[in-house]
Each structure stands twice: as structure tokens, then as C-alpha cells.
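Single-structure report; data block below.
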Amino acid sequence: MTTGQPQVVVVQQSHVNNGQWAASLCDCQVDECGACLYAWCCTHQLYAHARSQFDGGDTNFYLMAPPCFNYSVVRNGYGVAGSCMGDLCKPIWCPCCAAQQMYHETKVRGPRPKAMHIN
């Protein structure tokens, strides 16, 4: 039965949309043990895999990109606060943690939002 009253839909903003990562850099407990092992053994592959999850591109192509570039693209694409210097330093000094953080983010948020074209 409709009363003719407009319905109000309340949308709660998720914690992953506030300009922050869903998990901190050293938060290895957020994913299963397999992701941690993947980051430890195949760090560069995990960067490429996470970037592919982000934008649907070819994982093999992203293997040729520097990890700091993939990290920066994902961070900027999701609107996470940060800097180019951080994007450069984290994959160099904490490669496994940065790869797992990026991978977790793409699992939580899913593919990047597609741009809307208005004619």
C-alpha cells in the first residue's frame, strides 16, 4: 500500500570511502594467511594482480610497471589520501606490506567506479 509520501533512503558511508585505506600498512591480519604468503613470495605479482582487480587490465602488462606506480594509481583511483613520496617509499621499504595493503583494498572496494559520461 502506498501512501503517496516520498520514501527516504539513508545511505551510510562505508569506512573505506573516507580518504583512508581500509587496512593500515602493517595490518597483515586482515586477510587470510594465503595473501600474506603471496605477498612474501610473489610481491611484484601481487602488485600486478591487485592493479588488475582495480581496473580490469592485464596482469602481465602490470608486471612491467614499477610497484610504486601501481600503488599510486590504486591509491589515487580510490581517493585515498597520500603523496607521491609515500607511493614511492612504501613499495621500496615495505614491499610485502604495501602489496598486501593494496590487494586488500581492491578486495574490499572492488573495481574502480566507471566514469559517467553526460551528453
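Chain labels run A, B, ... following the order of the C-alpha cells; each chain numbers its residues from 1, and ligands are numbered from 1 in the order shown.
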What lies within 6 Å of stretch 42-57 of chain A using only C-alpha atoms, ignoring chain neighbours under 5 positions off, as a PDB file with N, CA, C and O atoms, in the first residue's frame?
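Wrote result-v4.pdb, looks like this:
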```pdb
ATOM      1  N   TYR A  62      50.863  -5.276 -16.223  1.00  0.00           N
ATOM      2  CA  TYR A  62      51.190  -4.559 -14.994  1.00  0.00           C
ATOM      3  C   TYR A  62      52.438  -5.105 -14.312  1.00  0.00           C
ATOM      4  O   TYR A  62      53.030  -4.424 -13.473  1.00  0.00           O
ATOM      5  N   LEU A  63      52.870  -6.302 -14.673  1.00  0.00           N
ATOM      6  CA  LEU A  63      54.128  -6.823 -14.138  1.00  0.00           C
ATOM      7  C   LEU A  63      55.313  -5.981 -14.601  1.00  0.00           C
ATOM      8  O   LEU A  63      56.343  -5.933 -13.953  1.00  0.00           O
ATOM      9  N   CYS A  96      56.263  -6.008   0.848  1.00  0.00           N
ATOM     10  CA  CYS A  96      55.235  -7.017   1.120  1.00  0.00           C
ATOM     11  C   CYS A  96      54.010  -6.400   1.769  1.00  0.00           C
ATOM     12  O   CYS A  96      52.870  -6.716   1.398  1.00  0.00           O
ATOM     13  N   ALA A  99      52.106  -4.234  -0.795  1.00  0.00           N
ATOM     14  CA  ALA A  99      51.397  -5.074  -1.770  1.00  0.00           C
ATOM     15  C   ALA A  99      50.145  -5.667  -1.153  1.00  0.00           C
ATOM     16  O   ALA A  99      49.073  -5.684  -1.777  1.00  0.00           O
ATOM     17  N   TYR A 103      46.292  -4.990  -2.232  1.00  0.00           N
ATOM     18  CA  TYR A 103      45.453  -6.146  -2.574  1.00  0.00           C
ATOM     19  C   TYR A 103      44.185  -6.162  -1.722  1.00  0.00           C
ATOM     20  O   TYR A 103      43.083  -6.368  -2.234  1.00  0.00           O
ATOM     21  N   THR A 106      41.650  -3.532  -2.914  1.00  0.00           N
ATOM     22  CA  THR A 106      40.903  -3.892  -4.117  1.00  0.00           C
ATOM     23  C   THR A 106      39.866  -4.969  -3.825  1.00  0.00           C
ATOM     24  O   THR A 106      38.825  -5.005  -4.473  1.00  0.00           O
ATOM     25  N   PRO A 111      36.286  -3.172  -8.160  1.00  0.00           N
ATOM     26  CA  PRO A 111      36.815  -2.400  -9.277  1.00  0.00           C
ATOM     27  C   PRO A 111      36.519  -0.913  -9.110  1.00  0.00           C
ATOM     28  O   PRO A 111      35.550  -0.537  -8.456  1.00  0.00           O
ATOM     29  N   ARG A 112      37.372  -0.105  -9.716  1.00  0.00           N
ATOM     30  CA  ARG A 112      37.179   1.342  -9.608  1.00  0.00           C
ATOM     31  C   ARG A 112      35.851   1.727 -10.249  1.00  0.00           C
ATOM     32  O   ARG A 112      35.409   1.083 -11.202  1.00  0.00           O
TER      33      ARG A 112
END
```
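Proximity to A:His104 was assessed for A:Gln20, A:Leu37, A:Cys28, A:Gly86 counting only C-alpha atoms; the smallest distance is recorded for A:Cys28.
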Which residues are close to A:Arg75, i.e. within 9 Å by only C-alpha atoms, leaving aside same-chain residues fewer than 5 positions away? Reply as a list in words.
Trp21, Asn70, Val80, Ala81, Gly82, Asp87 and Met102 of chain A
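One finds atom CA of A:Trp40 at 14.3 Å from atom CA of A:Pro67.
Residue nearest A:Cys36, chosen from A:Lys107, A:Asp58, A:Val73, A:Cys97 and counting only C-alpha atoms: A:Cys97.
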Test item, alpha helix (DSSP H) assignment across stretch 31-75 of chain A, answer as a PyMOL selection string:
chain A and resi 33-41+43-55+59-62+67-75
